[in-house]
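S.K.: Here it is: the structure, laid out below.
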Amino acid sequence: MERFVGWWKKENRYKLLVKAVLMGLLPLLCCVVTCAAQGKAIWDVYLPNSEWNDELFYFKQVEGIVHFGYPQGYFGFNESHALRLSFAAWSPVLVFPWILWGLLFGWNLMSPILCNVVLMTAAMVLFVCLVKPSWKQLGVLTLLFCLYTHFVRYMLSGMPEIICMSLLIIFYGLALNYLNRERIYKLVLLFVLSGVLTLMRPYMLLFMLLPVYLWVRRSGLKGLFGSLFVLAAVGGSYALIKHYLGAEYFTPLFFTDWITAFFERGFFGGLRYFFSKLYWMGTDFLRYTIQGFRSGMAAGTAFGGYLLMMAVLLWQTGADFLKQRREKKEKEPVFIIEAHLALCFVGMQFALLLMYKLTEGSKHLLTFIGVGIFVVSLMRTRFYKKAALLGTAFAFFYTYMAVEPYDYQIPYVTEERQVQIETWRQELAKQVQLEREETPSFENVAIWLLYDNTQEGTVGDTWQILYALPEGMGISCCYPEYVTENFQSLKSRYIAAIPGGEVARLCEEAGYALLYSDQDMAFYDRMQQGAYF
């Protein structure tokens, strides 16, 4: 007991505990204050009122896993489906913390939100315990965390960005802890964390370069060959997951034309195409960034914040490198961390320009900015000018210019939508019977139309109603052109059509059973005839 008391006092563990508790409370406090400022509470957040339709797929897939081990119907696009099981285009590894949460506590509309808050809380506590920051560093971190409003927006959502951010925060905290006191188990954990992140999203492979460098520095050739083996294993695992467990998306998730150009056009023709694509995509990137300054375009504000964070990291890395070289000092731990993150920013910039659609890829940059805040808070600067610059930019981009409700508005419950979802849930529970044999099966799939043509013109769907589907059901997101052209050979049993649309008309003419409908959606069963409500 005396040894424990001595250790507790000598290491100032009580101060560290206070810091960890305070920072652990910060995510919840930010969420509470943000909701209160809008006259709401956290429990008023309601996913079926969100405009982010990716959330629907994530939520329903996790729901199917929690209840049945895997969704009983296929998730896909234009009736594509995985070769094995029933997942959509994204790796199921991406949502494994939600799956664990659902298995432990059950799964409902608040589950991803609560899990997100807990994950960020855990990340904050672990970061403080691993890094042992000063009070000034915590002050910088608190300021930037509060001003970067995407933390709160994604915590109060059904998107997995917080999962990635939390793991990266822990990753860098552990890396700094390893550099201060090297232990092999910490290096193993760094490989595990970065490997899991890579299986979630392939561009996270950039973060594996840090444990690779640390292992090579520690063990030389042994570390190099071991790292190559780990990289090959992780890359092969991702390829297998993508091949067998991923459904084909409408378009490629990332483009490889800049690689195939070398085979199709020769070496010099490939180089011309490579630099030409960088130029034109870079021009669009800058145009979007300017729009972010002028009008608050969400992709542009993401690009602006990303460029500024990258510039800060590169500047500080260069300044620290020159200082250490001038003073002939060894590389400091913080320098290695900021240099690696700067490299990741540059690598992701090239990946965005070469491999992704700019507007869709912009949300991936938000994770980099988020973890950059934690690294910036640790920089050894005297006057914190860089932190002040970033804080001003965040306040401008993500508060003053946060004018697009689609990107910034937290979805709160409304009586009308809540009643609609509950009514649909009760009706579908009576009418839809889940097929439990030979699953996954198209017998358990509902077609979700992105839009349809009516007498009033092109009408978007109210896809939020699909949250009411019975647990285990699959969803195939389809263009109406696909449905009308393949109407006689569709594989999915159910069709969620838009009343008055072309697909609804075809369903009526074919005599499909109308299980339920309202002003926003008509739900048909292709295996039955007539109306059932």
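By order in the structure tokens, chains are A, B, ...; within a chain, residues start at 1; ligands start at 1, following the order shown.
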Please provide the set of residues having any atom within 12 Å of Ser362 in chain A, restricted to only C-alpha atoms, with same-chain residues fewer than 5 positions apart removed, written as a list in words.
M.R.: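 Skipping anything fewer than 5 positions along the chain leaves Phe285, Tyr288, Thr289, Gly292, Met297, Ala298, Ala299, Gly300, Thr301, Ala302, Phe303, Gly304, Gly305, Tyr306, Leu307, Met348, Gln349, Ala351, Leu352, Leu353, Tyr356, Lys357, Thr367, Phe368, Ile369 and Asp407 of chain A.
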S.K.: Can you check which parts of range 82-151 of chain A lie within 12 Å of range 388-394 of chain A? Per residue, the shortest pair of atoms and distance in Å to one decimal, counting only C-alpha atoms, sorted by chain and number, as a Markdown table.
M.R.:
```
| residue | atom | partner | partner_atom | distance |
| --- | --- | --- | --- | --- |
| A:Gly139 | CA | A:Ala388 | CA | 11.6 |
| A:Val140 | CA | A:Ala388 | CA | 8.6 |
| A:Leu141 | CA | A:Gly391 | CA | 10.2 |
| A:Thr142 | CA | A:Gly391 | CA | 10.5 |
| A:Leu143 | CA | A:Gly391 | CA | 7.2 |
| A:Leu144 | CA | A:Gly391 | CA | 5.6 |
| A:Phe145 | CA | A:Gly391 | CA | 9.1 |
| A:Cys146 | CA | A:Gly391 | CA | 9.2 |
| A:Leu147 | CA | A:Phe394 | CA | 5.8 |
| A:Tyr148 | CA | A:Phe394 | CA | 5.7 |
| A:Thr149 | CA | A:Phe394 | CA | 8.1 |
| A:His150 | CA | A:Phe394 | CA | 9.9 |
| A:Phe151 | CA | A:Phe394 | CA | 11.8 |
```
S.K.: May I have the residues from that selection written out with all heavy atoms, as an mmCIF file, in the first residue's frame?
M.R.:
```cif
data_model
loop_
_atom_site.group_PDB
_atom_site.id
_atom_site.type_symbol
_atom_site.label_atom_id
_atom_site.label_comp_id
_atom_site.auth_asym_id
_atom_site.auth_seq_id
_atom_site.Cartn_x
_atom_site.Cartn_y
_atom_site.Cartn_z
ATOM 1 N N GLY A 139 -5.324 23.277 -22.846
ATOM 2 C CA GLY A 139 -6.091 24.472 -23.187
ATOM 3 C C GLY A 139 -6.208 24.651 -24.691
ATOM 4 O O GLY A 139 -7.287 24.949 -25.219
ATOM 5 N N VAL A 140 -5.095 24.453 -25.403
ATOM 6 C CA VAL A 140 -5.111 24.538 -26.870
ATOM 7 C C VAL A 140 -6.026 23.461 -27.443
ATOM 8 O O VAL A 140 -6.843 23.730 -28.340
ATOM 9 C CB VAL A 140 -3.681 24.388 -27.430
ATOM 10 C CG1 VAL A 140 -3.709 24.277 -28.951
ATOM 11 C CG2 VAL A 140 -2.824 25.578 -27.011
ATOM 12 N N LEU A 141 -5.890 22.243 -26.934
ATOM 13 C CA LEU A 141 -6.717 21.143 -27.420
ATOM 14 C C LEU A 141 -8.198 21.419 -27.194
ATOM 15 O O LEU A 141 -9.025 21.189 -28.083
ATOM 16 C CB LEU A 141 -6.298 19.849 -26.726
ATOM 17 C CG LEU A 141 -7.114 18.594 -27.053
ATOM 18 C CD1 LEU A 141 -7.119 18.316 -28.543
ATOM 19 C CD2 LEU A 141 -6.568 17.393 -26.282
ATOM 20 N N THR A 142 -8.539 21.926 -26.025
ATOM 21 C CA THR A 142 -9.944 22.213 -25.710
ATOM 22 C C THR A 142 -10.503 23.276 -26.647
ATOM 23 O O THR A 142 -11.626 23.135 -27.163
ATOM 24 C CB THR A 142 -10.071 22.686 -24.252
ATOM 25 O OG1 THR A 142 -9.593 21.652 -23.385
ATOM 26 C CG2 THR A 142 -11.516 23.010 -23.909
ATOM 27 N N LEU A 143 -9.744 24.328 -26.871
ATOM 28 C CA LEU A 143 -10.195 25.415 -27.745
ATOM 29 C C LEU A 143 -10.458 24.902 -29.163
ATOM 30 O O LEU A 143 -11.532 25.143 -29.738
ATOM 31 C CB LEU A 143 -9.149 26.528 -27.767
ATOM 32 C CG LEU A 143 -9.428 27.680 -28.741
ATOM 33 C CD1 LEU A 143 -10.674 28.452 -28.316
ATOM 34 C CD2 LEU A 143 -8.223 28.608 -28.848
ATOM 35 N N LEU A 144 -9.486 24.198 -29.721
ATOM 36 C CA LEU A 144 -9.625 23.725 -31.096
ATOM 37 C C LEU A 144 -10.709 22.654 -31.209
ATOM 38 O O LEU A 144 -11.431 22.600 -32.213
ATOM 39 C CB LEU A 144 -8.290 23.186 -31.611
ATOM 40 C CG LEU A 144 -7.158 24.213 -31.746
ATOM 41 C CD1 LEU A 144 -5.891 23.550 -32.269
ATOM 42 C CD2 LEU A 144 -7.567 25.357 -32.661
ATOM 43 N N PHE A 145 -10.825 21.809 -30.205
ATOM 44 C CA PHE A 145 -11.870 20.780 -30.215
ATOM 45 C C PHE A 145 -13.252 21.416 -30.262
ATOM 46 O O PHE A 145 -14.134 20.981 -31.019
ATOM 47 C CB PHE A 145 -11.739 19.890 -28.972
ATOM 48 C CG PHE A 145 -12.648 18.698 -28.974
ATOM 49 C CD1 PHE A 145 -12.200 17.468 -29.416
ATOM 50 C CD2 PHE A 145 -13.963 18.798 -28.523
ATOM 51 C CE1 PHE A 145 -13.038 16.361 -29.417
ATOM 52 C CE2 PHE A 145 -14.806 17.706 -28.520
ATOM 53 C CZ PHE A 145 -14.347 16.478 -28.977
ATOM 54 N N CYS A 146 -13.454 22.455 -29.453
ATOM 55 C CA CYS A 146 -14.767 23.118 -29.414
ATOM 56 C C CYS A 146 -15.064 23.856 -30.716
ATOM 57 O O CYS A 146 -16.213 23.876 -31.174
ATOM 58 C CB CYS A 146 -14.823 24.093 -28.239
ATOM 59 S SG CYS A 146 -14.765 23.292 -26.617
ATOM 60 N N LEU A 147 -14.052 24.452 -31.321
ATOM 61 C CA LEU A 147 -14.265 25.227 -32.543
ATOM 62 C C LEU A 147 -14.432 24.344 -33.776
ATOM 63 O O LEU A 147 -15.044 24.761 -34.757
ATOM 64 C CB LEU A 147 -13.101 26.200 -32.757
ATOM 65 C CG LEU A 147 -13.005 27.345 -31.742
ATOM 66 C CD1 LEU A 147 -11.733 28.149 -31.969
ATOM 67 C CD2 LEU A 147 -14.226 28.250 -31.839
ATOM 68 N N TYR A 148 -13.885 23.142 -33.727
ATOM 69 C CA TYR A 148 -14.037 22.217 -34.857
ATOM 70 C C TYR A 148 -15.368 21.485 -34.679
ATOM 71 O O TYR A 148 -15.437 20.391 -34.128
ATOM 72 C CB TYR A 148 -12.863 21.246 -34.903
ATOM 73 C CG TYR A 148 -12.828 20.390 -36.150
ATOM 74 C CD1 TYR A 148 -12.744 20.966 -37.419
ATOM 75 C CD2 TYR A 148 -12.865 19.006 -36.065
ATOM 76 C CE1 TYR A 148 -12.708 20.184 -38.559
ATOM 77 C CE2 TYR A 148 -12.819 18.218 -37.204
ATOM 78 C CZ TYR A 148 -12.753 18.815 -38.444
ATOM 79 O OH TYR A 148 -12.720 18.033 -39.578
ATOM 80 N N THR A 149 -16.433 22.087 -35.153
ATOM 81 C CA THR A 149 -17.793 21.619 -34.867
ATOM 82 C C THR A 149 -18.129 20.273 -35.515
ATOM 83 O O THR A 149 -19.153 19.678 -35.180
ATOM 84 C CB THR A 149 -18.822 22.669 -35.328
ATOM 85 O OG1 THR A 149 -18.635 22.939 -36.732
ATOM 86 C CG2 THR A 149 -18.652 23.959 -34.545
ATOM 87 N N HIS A 150 -17.284 19.793 -36.423
ATOM 88 C CA HIS A 150 -17.544 18.479 -37.016
ATOM 89 C C HIS A 150 -17.442 17.362 -35.983
ATOM 90 O O HIS A 150 -18.038 16.293 -36.170
ATOM 91 C CB HIS A 150 -16.571 18.217 -38.171
ATOM 92 C CG HIS A 150 -16.888 19.008 -39.398
ATOM 93 N ND1 HIS A 150 -18.041 18.807 -40.140
ATOM 94 C CD2 HIS A 150 -16.212 20.005 -40.019
ATOM 95 C CE1 HIS A 150 -18.046 19.637 -41.160
ATOM 96 N NE2 HIS A 150 -16.964 20.373 -41.117
ATOM 97 N N PHE A 151 -16.696 17.578 -34.906
ATOM 98 C CA PHE A 151 -16.674 16.577 -33.841
ATOM 99 C C PHE A 151 -18.090 16.329 -33.330
ATOM 100 O O PHE A 151 -18.541 15.187 -33.230
ATOM 101 C CB PHE A 151 -15.780 17.044 -32.688
ATOM 102 C CG PHE A 151 -14.316 16.804 -32.893
ATOM 103 C CD1 PHE A 151 -13.409 17.850 -32.763
ATOM 104 C CD2 PHE A 151 -13.825 15.540 -33.200
ATOM 105 C CE1 PHE A 151 -12.050 17.636 -32.935
ATOM 106 C CE2 PHE A 151 -12.469 15.325 -33.382
ATOM 107 C CZ PHE A 151 -11.575 16.374 -33.243
#
```
S.K.: Report as a ChimeraX atom specification all protein, DNA and RNA residues lying within 9 Å of Ser50 in chain A, evaluated on only C-alpha atoms, omitting residues in the same chain fewer than 4 positions from it.
M.R.: /A:46,55,157,406,409-412,464
S.K.: Go through A:Leu167, A:Cys507, A:Leu187, A:Met379 and flag the residue nearest Thr317 in chain A, using only C-alpha atoms for the distances.
M.R.: A:Met379
S.K.: Do you know which residues are at most 10 Å from Pro480 in chain A counting only C-alpha atoms, after dropping those on the same chain fewer than 5 positions away, and could you put them as a ChimeraX atom specification?
M.R.: /A:78,447-453,485-487,497,501-503
S.K.: Pick the closest to Ile290 in chain A from A:Leu179, A:Asp461, A:Ser219, A:Phe397: which is it, counting only C-alpha atoms?
M.R.: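 That would be A:Phe397, the residue with the smallest distance to Ile290 in chain A.
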S.K.: Tell me which of A:Leu83, A:Leu205, A:Met281, A:Leu341 sits closest to Ile169 in chain A, counting only C-alpha atoms.
M.R.: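 Residue with the minimum atom-to-atom distance to Ile169 in chain A: A:Leu341.
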S.K.: Report the residues of range 255-447 of chain A whose backbone DSSP state falls under alpha helix (DSSP H), written as JSON, numbers by chain.
M.R.: {"A": [257, 258, 259, 260, 261, 262, 263, 264, 265, 266, 267, 268, 269, 270, 271, 272, 273, 274, 275, 276, 277, 278, 279, 280, 281, 282, 283, 284, 285, 286, 287, 288, 289, 290, 291, 292, 293, 294, 295, 298, 299, 300, 301, 302, 303, 304, 305, 306, 307, 308, 309, 310, 311, 312, 313, 314, 315, 316, 317, 318, 319, 320, 321, 322, 323, 324, 325, 326, 327, 333, 334, 335, 336, 337, 338, 339, 340, 341, 342, 343, 344, 345, 346, 347, 348, 349, 350, 351, 352, 353, 354, 355, 358, 359, 360, 361, 362, 363, 364, 365, 366, 367, 368, 369, 370, 371, 372, 373, 374, 375, 376, 385, 386, 387, 388, 389, 390, 391, 392, 393, 394, 395, 405, 406, 407, 408, 415, 416, 417, 418, 419, 420, 421, 422, 423, 424, 425, 426, 427, 428, 429, 430, 431]}
S.K.: Here is a test: counting only C-alpha atoms, which residue of A:Leu210, A:Gly220, A:Phe442, A:Ala20 is nearest to Trp135 in chain A?
M.R.: A:Ala20
S.K.: Please provide as number ranges by chain all residues within 7 Å of Leu190 in chain A, with the sequence filter that same-chain residues fewer than 4 positions apart are discarded (counting only C-alpha atoms).
M.R.: A: 171, 175, 186, 194, 211
S.K.: Neighbours of Ile495 in chain A within 8 Å (only C-alpha atoms; same-chain residues fewer than 3 positions away dropped), as a list in words?
M.R.: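 Using only C-alpha atoms, the neighbours found are Ala446, Ile447, Trp448, Ser492, Phe523, Tyr524, Asp525 and Arg526 of chain A.
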S.K.: Next, write the just-selected residues to a file, as an mmCIF file, in the first residue's frame, keeping all heavy atoms as the atom set.
M.R.:
```cif
data_model
loop_
_atom_site.group_PDB
_atom_site.id
_atom_site.type_symbol
_atom_site.label_atom_id
_atom_site.label_comp_id
_atom_site.auth_asym_id
_atom_site.auth_seq_id
_atom_site.Cartn_x
_atom_site.Cartn_y
_atom_site.Cartn_z
ATOM 1 N N ALA A 446 -35.762 -5.100 -49.923
ATOM 2 C CA ALA A 446 -36.655 -4.050 -50.434
ATOM 3 C C ALA A 446 -35.858 -3.120 -51.344
ATOM 4 O O ALA A 446 -34.747 -2.695 -50.987
ATOM 5 C CB ALA A 446 -37.267 -3.256 -49.289
ATOM 6 N N ILE A 447 -36.398 -2.828 -52.515
ATOM 7 C CA ILE A 447 -35.768 -1.875 -53.432
ATOM 8 C C ILE A 447 -36.076 -0.457 -52.968
ATOM 9 O O ILE A 447 -37.226 -0.099 -52.712
ATOM 10 C CB ILE A 447 -36.276 -2.092 -54.866
ATOM 11 C CG1 ILE A 447 -35.659 -3.368 -55.460
ATOM 12 C CG2 ILE A 447 -35.944 -0.896 -55.749
ATOM 13 C CD1 ILE A 447 -36.138 -3.698 -56.854
ATOM 14 N N TRP A 448 -35.026 0.321 -52.850
ATOM 15 C CA TRP A 448 -35.140 1.731 -52.463
ATOM 16 C C TRP A 448 -34.842 2.567 -53.707
ATOM 17 O O TRP A 448 -33.751 2.555 -54.230
ATOM 18 C CB TRP A 448 -34.170 2.002 -51.320
ATOM 19 C CG TRP A 448 -33.690 3.412 -51.162
ATOM 20 C CD1 TRP A 448 -34.305 4.564 -51.571
ATOM 21 C CD2 TRP A 448 -32.476 3.828 -50.514
ATOM 22 N NE1 TRP A 448 -33.551 5.658 -51.232
ATOM 23 C CE2 TRP A 448 -32.439 5.243 -50.580
ATOM 24 C CE3 TRP A 448 -31.441 3.155 -49.880
ATOM 25 C CZ2 TRP A 448 -31.388 5.979 -50.040
ATOM 26 C CZ3 TRP A 448 -30.398 3.893 -49.338
ATOM 27 C CH2 TRP A 448 -30.375 5.282 -49.415
ATOM 28 N N SER A 492 -35.435 -8.677 -56.172
ATOM 29 C CA SER A 492 -35.895 -8.288 -54.835
ATOM 30 C C SER A 492 -37.403 -8.465 -54.724
ATOM 31 O O SER A 492 -38.150 -8.154 -55.647
ATOM 32 C CB SER A 492 -35.519 -6.832 -54.553
ATOM 33 O OG SER A 492 -34.129 -6.635 -54.692
ATOM 34 N N PHE A 523 -45.461 0.686 -50.608
ATOM 35 C CA PHE A 523 -44.638 -0.497 -50.406
ATOM 36 C C PHE A 523 -45.332 -1.717 -51.006
ATOM 37 O O PHE A 523 -46.401 -2.128 -50.562
ATOM 38 C CB PHE A 523 -44.394 -0.713 -48.910
ATOM 39 C CG PHE A 523 -43.211 -1.575 -48.596
ATOM 40 C CD1 PHE A 523 -41.935 -1.057 -48.596
ATOM 41 C CD2 PHE A 523 -43.387 -2.924 -48.309
ATOM 42 C CE1 PHE A 523 -40.844 -1.854 -48.309
ATOM 43 C CE2 PHE A 523 -42.301 -3.734 -48.016
ATOM 44 C CZ PHE A 523 -41.011 -3.193 -48.010
ATOM 45 N N TYR A 524 -44.712 -2.309 -52.040
ATOM 46 C CA TYR A 524 -45.324 -3.409 -52.793
ATOM 47 C C TYR A 524 -44.597 -4.721 -52.524
ATOM 48 O O TYR A 524 -43.379 -4.746 -52.317
ATOM 49 C CB TYR A 524 -45.269 -3.118 -54.296
ATOM 50 C CG TYR A 524 -46.143 -1.963 -54.730
ATOM 51 C CD1 TYR A 524 -45.607 -0.669 -54.814
ATOM 52 C CD2 TYR A 524 -47.478 -2.147 -55.070
ATOM 53 C CE1 TYR A 524 -46.386 0.400 -55.217
ATOM 54 C CE2 TYR A 524 -48.263 -1.086 -55.478
ATOM 55 C CZ TYR A 524 -47.716 0.185 -55.550
ATOM 56 O OH TYR A 524 -48.499 1.238 -55.956
ATOM 57 N N ASP A 525 -45.401 -5.809 -52.587
ATOM 58 C CA ASP A 525 -44.875 -7.171 -52.496
ATOM 59 C C ASP A 525 -45.069 -7.837 -53.848
ATOM 60 O O ASP A 525 -46.198 -8.050 -54.296
ATOM 61 C CB ASP A 525 -45.619 -7.943 -51.403
ATOM 62 C CG ASP A 525 -45.061 -9.353 -51.189
ATOM 63 O OD1 ASP A 525 -44.241 -9.801 -52.013
ATOM 64 O OD2 ASP A 525 -45.453 -9.992 -50.200
ATOM 65 N N ARG A 526 -43.969 -8.182 -54.517
ATOM 66 C CA ARG A 526 -44.058 -8.755 -55.860
ATOM 67 C C ARG A 526 -44.569 -10.194 -55.854
ATOM 68 O O ARG A 526 -44.968 -10.712 -56.896
ATOM 69 C CB ARG A 526 -42.675 -8.711 -56.534
ATOM 70 C CG ARG A 526 -42.154 -7.315 -56.765
ATOM 71 C CD ARG A 526 -40.739 -7.302 -57.334
ATOM 72 N NE ARG A 526 -40.658 -8.082 -58.557
ATOM 73 C CZ ARG A 526 -39.942 -9.205 -58.679
ATOM 74 N NH1 ARG A 526 -39.260 -9.674 -57.643
ATOM 75 N NH2 ARG A 526 -39.914 -9.859 -59.818
#
```
S.K.: Suppose you want the space between CA of Glu471 in chain A and CA of His67 in chain A; what is it in Å?
M.R.: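 These two atoms are separated by 7.1 Å.
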S.K.: Suppose you want the space between CA of Asp44 in chain A and CA of Val413 in chain A; what is it in Å?
M.R.: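 Going from CA of Asp44 in chain A over to CA of Val413 in chain A covers 5.5 Å.
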S.K.: Excluding Ser80 in chain A and residues on its chain fewer than 4 positions from it, collect all residues at most 6 Å away from it, counting only C-alpha atoms, and give them as a CSV table (one decimal) with N, CA, C and O atoms, in the first residue's frame.
M.R.:
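The file below, around02.csv, is the result:
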```csv
chain,number,residue,atom,x,y,z
A,76,GLY,N,-27.2,-3.6,-51.3
A,76,GLY,CA,-26.4,-3.4,-52.6
A,76,GLY,C,-27.0,-2.3,-53.4
A,76,GLY,O,-27.8,-1.5,-52.9
A,247,ALA,N,-20.4,-5.4,-51.9
A,247,ALA,CA,-21.3,-5.3,-53.0
A,247,ALA,C,-20.8,-4.2,-54.0
A,247,ALA,O,-20.2,-3.2,-53.6
A,248,GLU,N,-21.0,-4.4,-55.3
A,248,GLU,CA,-20.5,-3.5,-56.3
A,248,GLU,C,-21.3,-2.2,-56.2
A,248,GLU,O,-22.6,-2.2,-56.1
```
S.K.: Can you pull out every residue from range 316-450 of chain A that DSSP, working from the backbone, puts in strand (DSSP E or B), and format the result as a ChimeraX atom specification?
M.R.: /A:412,445-449
S.K.: Go ahead and write the selection's residues with C-alpha atoms as a PDB file, in the first residue's frame.
M.R.:
```pdb
ATOM      1  CA  TYR A 412     -33.909  16.404 -34.245  1.00  0.00           C
ATOM      2  CA  VAL A 445     -34.790  -7.303 -49.799  1.00  0.00           C
ATOM      3  CA  ALA A 446     -36.655  -4.050 -50.434  1.00  0.00           C
ATOM      4  CA  ILE A 447     -35.768  -1.875 -53.432  1.00  0.00           C
ATOM      5  CA  TRP A 448     -35.140   1.731 -52.463  1.00  0.00           C
ATOM      6  CA  LEU A 449     -35.698   4.161 -55.348  1.00  0.00           C
TER       7      LEU A 449
END
```
S.K.: Grab the CA of Phe105 in chain A to CA of Trp43 in chain A distance for me, in Å with one decimal place.
M.R.: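 So the two atoms, CA of Phe105 in chain A and CA of Trp43 in chain A, lie 16.4 Å apart.
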S.K.: Each residue of range 320-392 of chain A lying at most 9 Å from range 119-133 of chain A should get a row with its shortest atom-to-atom pair and the distance in Å to one decimal, counting only C-alpha atoms; could you produce that, ordered by chain and increasing number, as a Markdown table?
M.R.:
```
| residue | atom | partner | partner_atom | distance |
| --- | --- | --- | --- | --- |
| A:Phe374 | CA | A:Phe127 | CA | 8.8 |
| A:Ser377 | CA | A:Pro133 | CA | 8.9 |
| A:Leu378 | CA | A:Pro133 | CA | 7.4 |
```
